[in-house]
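What follows is model.pdb (PDB, C-alpha atoms and all ligand atoms).
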ATOM      1  CA  MET A   1    -102.528 139.426 131.156  1.00  0.00           C
ATOM      2  CA  ASN A   2    -102.127 137.603 127.842  1.00  0.00           C
ATOM      3  CA  ALA A   3    -102.702 139.200 124.459  1.00  0.00           C
ATOM      4  CA  LYS A   4    -106.200 137.793 124.062  1.00  0.00           C
ATOM      5  CA  LYS A   5    -107.331 139.109 127.435  1.00  0.00           C
ATOM      6  CA  MET A   6    -105.838 142.503 126.633  1.00  0.00           C
ATOM      7  CA  MET A   7    -107.887 142.628 123.426  1.00  0.00           C
ATOM      8  CA  TYR A   8    -111.065 141.846 125.348  1.00  0.00           C
ATOM      9  CA  ALA A   9    -110.235 144.547 127.887  1.00  0.00           C
ATOM     10  CA  ALA A  10    -109.625 147.093 125.124  1.00  0.00           C
ATOM     11  CA  ALA A  11    -112.897 146.174 123.392  1.00  0.00           C
ATOM     12  CA  ALA A  12    -114.805 146.539 126.663  1.00  0.00           C
ATOM     13  CA  LEU A  13    -113.231 149.949 127.205  1.00  0.00           C
ATOM     14  CA  VAL A  14    -114.267 151.174 123.751  1.00  0.00           C
ATOM     15  CA  ALA A  15    -117.788 149.761 124.096  1.00  0.00           C
ATOM     16  CA  GLY A  16    -118.191 151.497 127.431  1.00  0.00           C
ATOM     17  CA  TRP A  17    -116.949 154.851 126.222  1.00  0.00           C
ATOM     18  CA  ALA A  18    -120.281 156.614 126.073  1.00  0.00           C
ATOM     19  CA  GLY A  19    -120.756 159.487 123.672  1.00  0.00           C
ATOM     20  CA  VAL A  20    -118.444 158.233 120.939  1.00  0.00           C
ATOM     21  CA  ALA A  21    -120.081 157.770 117.552  1.00  0.00           C
ATOM     22  CA  VAL A  22    -119.523 154.396 115.928  1.00  0.00           C
ATOM     23  CA  SER A  23    -119.980 152.933 112.464  1.00  0.00           C
ATOM     24  CA  ALA A  24    -123.099 150.851 111.829  1.00  0.00           C
ATOM     25  CA  THR A  25    -124.001 148.706 108.817  1.00  0.00           C
ATOM     26  CA  ALA A  26    -127.115 149.455 106.754  1.00  0.00           C
ATOM     27  CA  LYS A  27    -128.788 146.990 104.398  1.00  0.00           C
ATOM     28  CA  GLY A  28    -131.446 147.593 101.775  1.00  0.00           C
ATOM     29  CA  PRO A  29    -134.973 148.135 103.154  1.00  0.00           C
ATOM     30  CA  ILE A  30    -136.972 145.912 100.780  1.00  0.00           C
ATOM     31  CA  CYS A  31    -136.776 142.110 100.670  1.00  0.00           C
ATOM     32  CA  GLU A  32    -137.314 141.827  96.938  1.00  0.00           C
ATOM     33  CA  THR A  33    -134.402 141.498  94.507  1.00  0.00           C
ATOM     34  CA  SER A  34    -135.793 144.081  92.041  1.00  0.00           C
ATOM     35  CA  ALA A  35    -135.544 146.856  94.645  1.00  0.00           C
ATOM     36  CA  ASN A  36    -132.831 149.360  93.745  1.00  0.00           C
ATOM     37  CA  VAL A  37    -131.366 152.759  94.518  1.00  0.00           C
ATOM     38  CA  ASN A  38    -132.732 155.521  92.295  1.00  0.00           C
ATOM     39  CA  SER A  39    -131.384 158.654  93.959  1.00  0.00           C
ATOM     40  CA  THR A  40    -128.188 159.414  95.894  1.00  0.00           C
ATOM     41  CA  THR A  41    -126.244 162.686  96.273  1.00  0.00           C
ATOM     42  CA  TYR A  42    -128.509 164.290  93.657  1.00  0.00           C
ATOM     43  CA  TYR A  43    -132.172 163.598  92.964  1.00  0.00           C
ATOM     44  CA  ASN A  44    -132.367 161.010  90.182  1.00  0.00           C
ATOM     45  CA  CYS A  45    -128.542 161.123  90.398  1.00  0.00           C
ATOM     46  CA  SER A  46    -128.342 164.271  88.227  1.00  0.00           C
ATOM     47  CA  GLY A  47    -130.846 166.786  89.639  1.00  0.00           C
ATOM     48  CA  SER A  48    -130.677 169.047  92.662  1.00  0.00           C
ATOM     49  CA  SER A  49    -128.942 168.201  95.928  1.00  0.00           C
ATOM     50  CA  HIS A  50    -130.378 165.290  97.904  1.00  0.00           C
ATOM     51  CA  THR A  51    -127.550 163.662  99.959  1.00  0.00           C
ATOM     52  CA  ALA A  52    -129.542 160.576 100.890  1.00  0.00           C
ATOM     53  CA  LEU A  53    -130.594 157.260  99.390  1.00  0.00           C
ATOM     54  CA  ASP A  54    -134.004 156.776  97.771  1.00  0.00           C
ATOM     55  CA  MET A  55    -134.830 153.122  97.185  1.00  0.00           C
ATOM     56  CA  GLY A  56    -137.860 151.387  95.731  1.00  0.00           C
ATOM     57  CA  ASN A  57    -139.350 148.484  93.861  1.00  0.00           C
ATOM     58  CA  ALA A  58    -142.225 150.355  92.154  1.00  0.00           C
ATOM     59  CA  SER A  59    -144.817 149.055  94.613  1.00  0.00           C
ATOM     60  CA  CYS A  60    -146.883 150.978  97.164  1.00  0.00           C
ATOM     61  CA  GLY A  61    -148.561 149.580 100.256  1.00  0.00           C
ATOM     62  CA  GLU A  62    -147.520 146.025  99.370  1.00  0.00           C
ATOM     63  CA  TRP A  63    -143.970 145.389 100.566  1.00  0.00           C
ATOM     64  CA  ASN A  64    -142.539 145.836 104.029  1.00  0.00           C
ATOM     65  CA  HIS A  65    -140.310 148.858 104.641  1.00  0.00           C
ATOM     66  CA  ARG A  66    -137.708 147.211 106.870  1.00  0.00           C
ATOM     67  CA  ALA A  67    -135.379 148.545 109.542  1.00  0.00           C
ATOM     68  CA  MET A  68    -132.049 148.924 107.683  1.00  0.00           C
ATOM     69  CA  LEU A  69    -129.428 148.766 110.444  1.00  0.00           C
ATOM     70  CA  SER A  70    -127.753 145.436 111.204  1.00  0.00           C
ATOM     71  CA  GLY A  71    -128.128 144.621 114.883  1.00  0.00           C
ATOM     72  CA  SER A  72    -130.576 145.777 117.494  1.00  0.00           C
ATOM     73  CA  PHE A  73    -131.409 149.504 117.453  1.00  0.00           C
ATOM     74  CA  TYR A  74    -134.212 151.660 118.856  1.00  0.00           C
ATOM     75  CA  TYR A  75    -136.394 153.118 116.082  1.00  0.00           C
ATOM     76  CA  LYS A  76    -138.491 156.034 117.301  1.00  0.00           C
ATOM     77  CA  TYR A  77    -141.632 156.471 115.241  1.00  0.00           C
ATOM     78  CA  TYR A  78    -143.195 159.749 114.121  1.00  0.00           C
ATOM     79  CA  GLY A  79    -146.577 158.970 112.553  1.00  0.00           C
ATOM     80  CA  GLY A  80    -149.947 160.549 111.970  1.00  0.00           C
ATOM     81  CA  CYS A  81    -149.864 160.685 108.150  1.00  0.00           C
ATOM     82  CA  ALA A  82    -152.695 159.137 106.157  1.00  0.00           C
ATOM     83  CA  ALA A  83    -151.791 156.509 103.572  1.00  0.00           C
ATOM     84  CA  ALA A  84    -150.284 158.023 100.406  1.00  0.00           C
ATOM     85  CA  CYS A  85    -148.277 156.738  97.461  1.00  0.00           C
ATOM     86  CA  TYR A  86    -147.455 159.939  95.585  1.00  0.00           C
ATOM     87  CA  GLY A  87    -146.843 162.452  98.331  1.00  0.00           C
ATOM     88  CA  SER A  88    -148.710 164.398 100.981  1.00  0.00           C
ATOM     89  CA  ASP A  89    -148.146 167.468 103.117  1.00  0.00           C
ATOM     90  CA  CYS A  90    -147.316 165.764 106.383  1.00  0.00           C
ATOM     91  CA  ASN A  91    -144.641 165.999 109.092  1.00  0.00           C
ATOM     92  CA  GLY A  92    -142.723 168.692 107.196  1.00  0.00           C
ATOM     93  CA  GLY A  93    -142.235 166.445 104.164  1.00  0.00           C
ATOM     94  CA  ALA A  94    -140.915 163.437 106.038  1.00  0.00           C
ATOM     95  CA  GLY A  95    -144.274 161.688 106.118  1.00  0.00           C
ATOM     96  CA  ASN A  96    -144.403 158.818 108.586  1.00  0.00           C
ATOM     97  CA  TYR A  97    -140.810 158.220 109.631  1.00  0.00           C
ATOM     98  CA  TYR A  98    -138.353 156.712 112.074  1.00  0.00           C
ATOM     99  CA  VAL A  99    -135.234 158.059 113.739  1.00  0.00           C
ATOM    100  CA  VAL A 100    -132.365 156.106 115.308  1.00  0.00           C
ATOM    101  CA  THR A 101    -130.389 158.478 117.539  1.00  0.00           C
ATOM    102  CA  GLY A 102    -126.620 158.106 117.909  1.00  0.00           C
ATOM    103  CA  ALA A 103    -123.858 160.039 119.694  1.00  0.00           C
ATOM    104  CA  ASN A 104    -122.521 163.546 118.929  1.00  0.00           C
ATOM    105  CA  GLY A 105    -125.588 164.749 117.022  1.00  0.00           C
ATOM    106  CA  TRP A 106    -125.685 161.817 114.623  1.00  0.00           C
ATOM    107  CA  ASP A 107    -128.900 160.102 113.573  1.00  0.00           C
ATOM    108  CA  PHE A 108    -130.221 157.734 110.918  1.00  0.00           C
ATOM    109  CA  ARG A 109    -133.700 158.215 109.455  1.00  0.00           C
ATOM    110  CA  GLN A 110    -136.084 156.229 107.248  1.00  0.00           C
ATOM    111  CA  LEU A 111    -138.920 158.262 105.682  1.00  0.00           C
ATOM    112  CA  HIS A 112    -142.195 158.126 103.724  1.00  0.00           C
ATOM    113  CA  ILE A 113    -143.680 155.067 105.430  1.00  0.00           C
ATOM    114  CA  TYR A 114    -147.134 153.802 104.555  1.00  0.00           C
ATOM    115  CA  ALA A 115    -148.270 152.980 108.093  1.00  0.00           C
ATOM    116  CA  ASN A 116    -149.725 149.632 109.059  1.00  0.00           C
ATOM    117  CA  VAL A 117    -149.921 147.422 112.148  1.00  0.00           C
ATOM    118  CA  SER A 118    -146.087 147.214 112.235  1.00  0.00           C
ATOM    119  CA  SER A 119    -145.682 150.991 112.606  1.00  0.00           C
ATOM    120  CA  GLY A 120    -144.647 152.223 116.050  1.00  0.00           C
ATOM    121  CA  SER A 121    -141.539 152.859 118.149  1.00  0.00           C
ATOM    122  CA  LYS A 122    -139.589 149.655 118.742  1.00  0.00           C
ATOM    123  CA  THR A 123    -136.185 148.074 119.269  1.00  0.00           C
ATOM    124  CA  CYS A 124    -135.437 145.528 116.579  1.00  0.00           C
ATOM    125  CA  ASP A 125    -133.068 144.148 113.934  1.00  0.00           C
ATOM    126  CA  GLY A 126    -134.385 144.216 110.374  1.00  0.00           C
ATOM    127  CA  CYS A 127    -138.036 144.229 111.423  1.00  0.00           C
ATOM    128  CA  ALA A 128    -140.965 145.595 109.397  1.00  0.00           C
ATOM    129  CA  LEU A 129    -141.535 149.292 110.191  1.00  0.00           C
ATOM    130  CA  GLY A 130    -144.604 149.627 107.984  1.00  0.00           C
ATOM    131  CA  LEU A 131    -145.033 149.385 104.214  1.00  0.00           C
ATOM    132  CA  VAL A 132    -143.186 151.072 101.340  1.00  0.00           C
ATOM    133  CA  GLY A 133    -145.171 154.204 100.478  1.00  0.00           C
ATOM    134  CA  GLY A 134    -145.054 157.856  99.597  1.00  0.00           C
ATOM    135  CA  THR A 135    -146.156 159.910 102.616  1.00  0.00           C
ATOM    136  CA  GLY A 136    -144.594 163.373 102.862  1.00  0.00           C
ATOM    137  CA  SER A 137    -142.518 164.846 100.014  1.00  0.00           C
ATOM    138  CA  ALA A 138    -142.567 161.978  97.526  1.00  0.00           C
ATOM    139  CA  THR A 139    -143.345 161.795  93.821  1.00  0.00           C
ATOM    140  CA  GLY A 140    -143.692 158.023  94.094  1.00  0.00           C
ATOM    141  CA  PRO A 141    -143.449 155.214  96.616  1.00  0.00           C
ATOM    142  CA  HIS A 142    -139.939 154.703  97.955  1.00  0.00           C
ATOM    143  CA  VAL A 143    -137.787 154.511 101.058  1.00  0.00           C
ATOM    144  CA  HIS A 144    -135.651 157.564 101.850  1.00  0.00           C
ATOM    145  CA  ALA A 145    -132.711 156.917 104.189  1.00  0.00           C
ATOM    146  CA  ASP A 146    -130.289 159.522 105.477  1.00  0.00           C
ATOM    147  CA  ASN A 147    -127.469 159.836 108.002  1.00  0.00           C
ATOM    148  CA  ARG A 148    -127.207 163.267 109.557  1.00  0.00           C
ATOM    149  CA  GLN A 149    -125.031 165.093 112.076  1.00  0.00           C
ATOM    150  CA  TYR A 150    -126.794 167.986 113.824  1.00  0.00           C
ATOM    151  CA  ALA A 151    -129.491 167.780 111.100  1.00  0.00           C
ATOM    152  CA  THR A 152    -127.040 168.093 108.171  1.00  0.00           C
ATOM    153  CA  ARG A 153    -127.201 165.178 105.737  1.00  0.00           C
ATOM    154  CA  LYS A 154    -123.892 163.450 105.065  1.00  0.00           C
ATOM    155  CA  SER A 155    -122.911 161.332 102.062  1.00  0.00           C
ATOM    156  CA  ALA A 156    -119.876 159.376 103.318  1.00  0.00           C
ATOM    157  CA  TRP A 157    -121.979 156.501 104.668  1.00  0.00           C
ATOM    158  CA  TYR A 158    -123.042 155.401 101.177  1.00  0.00           C
ATOM    159  CA  THR A 159    -120.197 156.780  99.029  1.00  0.00           C
ATOM    160  CA  SER A 160    -117.715 154.745 101.097  1.00  0.00           C
ATOM    161  CA  LYS A 161    -119.653 151.609 100.095  1.00  0.00           C
ATOM    162  CA  GLY A 162    -119.832 152.663  96.432  1.00  0.00           C
ATOM    163  CA  THR A 163    -123.643 152.740  96.464  1.00  0.00           C
ATOM    164  CA  THR A 164    -125.034 154.747  93.567  1.00  0.00           C
ATOM    165  CA  CYS A 165    -128.017 154.809  91.201  1.00  0.00           C
ATOM    166  CA  GLY A 166    -128.864 151.269  90.160  1.00  0.00           C
ATOM    167  CA  SER A 167    -127.288 149.606  93.189  1.00  0.00           C
ATOM    168  CA  SER A 168    -129.354 146.875  94.801  1.00  0.00           C
ATOM    169  CA  ALA A 169    -131.641 147.896  97.668  1.00  0.00           C
ATOM    170  CA  TYR A 170    -132.435 144.284  98.520  1.00  0.00           C
ATOM    171  CA  CYS A 171    -132.529 143.563 102.262  1.00  0.00           C
ATOM    172  CA  GLY A 172    -129.603 141.141 101.884  1.00  0.00           C
ATOM    173  CA  ASN A 173    -127.339 143.781 100.353  1.00  0.00           C
ATOM    174  CA  VAL A 174    -125.258 146.283 102.346  1.00  0.00           C
ATOM    175  CA  VAL A 175    -125.840 149.846 101.070  1.00  0.00           C
ATOM    176  CA  GLY A 176    -123.710 151.807 103.534  1.00  0.00           C
ATOM    177  CA  TYR A 177    -122.086 152.385 106.904  1.00  0.00           C
ATOM    178  CA  PRO A 178    -123.890 155.150 108.783  1.00  0.00           C
ATOM    179  CA  THR A 179    -122.290 156.853 111.783  1.00  0.00           C
ATOM    180  CA  LEU A 180    -124.295 156.691 115.013  1.00  0.00           C
TER     181      LEU A 180
HETATM  182 ZN    ZN A 201    -135.110 161.101  99.358  1.00  0.00          ZN
END
Once more with this new file: its structure as structure tokens, please.
Ligand SMILES: [Zn+2]
Amino acid sequence: MNAKKMMYAAAALVAGWAGVAVSATAKGPICETSANVNSTTYYNCSGSSHTALDMGNASCGEWNHRAMLSGSFYYKYYGGCAAACYGSDCNGGAGNYYVVTGANGWDFRQLHIYANVSSGSKTCDGCALGLVGGTGSATGPHVHADNRQYATRKSAWYTSKGTTCGSSAYCGNVVGYPTL
């Protein structure tokens, strides 16, 4: 077996090794260049603990809230919340949201969706999941994204990319590398 074939064999072995968490790539959720990150490890970057990214472009119910992971992933939808821009008591504060489930207790979530015809469980790459809104615990319309292991939010996925307050949340910009 030559070196190239050995590399292919090794890659196939890793890909087939079920149950091993891998690194994914996450882009900004809003396809408008003014969208940015306004909260990271701490709310508003200086308040209480948050350990997630909040991203917005100051609009509500106008722009698509897009699937952030590069490549095809299954986004399971949890809906039922009425349209809201400045918060509601729904789904334990998550509002309308999606979960992508990975290995070893890891998941990636996108919260506070303003539901529309695009909202529902689906497998896709960068598709519209609904609109940017503020369902659940939200003081304004934004996208909340977190990467958790056994329900504990982790920060490495965005700190490793250097994403902080003011970073671009445009859909063409990478904001982090979640584990799944
Ligand atoms: Zn948040």
Next on the checklist: What does the list of residues within 6 Å of ligand ZN 201 (chain A) look like if you count all atoms listed in the file, written as JSON, numbers by chain?
Outcome noted: {"A": [52, 53, 54, 144]}
Item to check | CA of Ala83 (chain A) to CA of Asn44 (chain A), straight-line distance in Å | outcome: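 Going from CA of Asn44 (chain A) over to CA of Ala83 (chain A), I get 24.0 Å.
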For the contact check between region 20-45 of chain A and region 121-138 of chain A, emit one row per residue of region 20-45 of chain A within 12 Å, containing the shortest atom pair and the distance in Å rounded to one decimal, counting all atoms listed in the file, chain then rising number order, as JSON lines.
{"residue": "A:Thr25", "atom": "CA", "partner": "A:Asp125", "partner_atom": "CA", "distance": 11.4}
{"residue": "A:Ala26", "atom": "CA", "partner": "A:Gly126", "partner_atom": "CA", "distance": 9.7}
{"residue": "A:Lys27", "atom": "CA", "partner": "A:Gly126", "partner_atom": "CA", "distance": 8.6}
{"residue": "A:Gly28", "atom": "CA", "partner": "A:Gly126", "partner_atom": "CA", "distance": 9.7}
{"residue": "A:Pro29", "atom": "CA", "partner": "A:Gly126", "partner_atom": "CA", "distance": 8.2}
{"residue": "A:Ile30", "atom": "CA", "partner": "A:Val132", "partner_atom": "CA", "distance": 8.1}
{"residue": "A:Cys31", "atom": "CA", "partner": "A:Gly126", "partner_atom": "CA", "distance": 10.2}
{"residue": "A:Glu32", "atom": "CA", "partner": "A:Val132", "partner_atom": "CA", "distance": 11.8}
{"residue": "A:Ala35", "atom": "CA", "partner": "A:Val132", "partner_atom": "CA", "distance": 11.0}
{"residue": "A:Tyr43", "atom": "CA", "partner": "A:Ala138", "partner_atom": "CA", "distance": 11.5}
Next on the checklist: Taking 5 positions as the minimum chain separation for residues in the same chain, which residues sit within 8 Å of Asn147 (chain A) when counting all atoms listed in the file? Answer as a list in words.
Outcome noted: Ala52, Trp106, Asp107, Phe108, Arg109, Arg153, Lys154, Ser155, Trp157, Pro178 and Thr179 of chain A
Item to check | Expansion of the PyMOL selection byres (((chain A and resi 96) around 8) and not hetatm) into residues, as number ranges by chain | outcome: A: 77-81, 90-91, 94-95, 97-98, 111-115, 135-136
Checklist outcome for this item: Using all atoms listed in the file, the shortest atom-to-atom distance to Asn173 (chain A) among A:Ser70, A:Asn57, A:Ser39, A:Ser23 belongs to A:Ser70
Checklist entry - With all atoms listed in the file as the atoms that count, which of A:Gly19, A:Gly56, A:Pro141, A:Gly87 lies nearest to Asn36 (chain A)? => result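 The shortest atom-to-atom distance to Asn36 (chain A) comes from A:Gly56.
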Checklist entry - Between A:Asn104, A:Thr51, A:Asn38, A:Ser59, which has the minimum distance to Thr164 (chain A) (counting only C-alpha atoms)? => result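 Closest residue, counting only C-alpha atoms: A:Asn38.
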Item to check | Interatomic distance (Å, one decimal) between CA of Val99 (chain A) and CA of Thr152 (chain A) | outcome: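 One can read the CA of Val99 (chain A) to CA of Thr152 (chain A) distance as 14.1 Å.
Take CA of Val100 (chain A) and CA of Thr139 (chain A): the distance between them is 24.8 Å.
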Which centre and edge lengths in Å to one decimal define the box along x, y and z that fits every listed atom of region 71-82 of chain A plus 4 Å per side, as AutoDock Vina command-line options?
--center_x -140.4 --center_y 152.7 --center_z 112.5 --size_x 32.6 --size_y 24.1 --size_z 20.7
Next on the checklist: My list of candidates is A:Gly176, A:Gly120, A:Ala145, A:Tyr170. Which is closest to Lys76 (chain A) when distances are computed with only C-alpha atoms?
Outcome noted: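 With only C-alpha atoms as the atom set, the closest residue is A:Gly120.
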Next on the checklist: List as number ranges by chain the protein and nucleic acid residues near Val37 (chain A), meaning an atom at most 6 Å away when only C-alpha atoms are counted, but skip any in the same chain fewer than 6 places from it.
Outcome noted: A: 54-55, 165-167, 169
Next on the checklist: For the PyMOL selection byres (((chain A and resi 21) around 6) and not hetatm), applied here, can you spell out every residue it catches as a PyMOL selection string?
Outcome noted: chain A and resi 20+22+103+180
Okay, now the selection with C-alpha atoms, as an mmCIF file, in the coordinates of the input?
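Below you can see out-v4.cif, which holds the result:
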data_model
loop_
_atom_site.group_PDB
_atom_site.id
_atom_site.type_symbol
_atom_site.label_atom_id
_atom_site.label_comp_id
_atom_site.auth_asym_id
_atom_site.auth_seq_id
_atom_site.Cartn_x
_atom_site.Cartn_y
_atom_site.Cartn_z
ATOM 1 C CA VAL A 20 -118.444 158.233 120.939
ATOM 2 C CA VAL A 22 -119.523 154.396 115.928
ATOM 3 C CA ALA A 103 -123.858 160.039 119.694
ATOM 4 C CA LEU A 180 -124.295 156.691 115.013
#
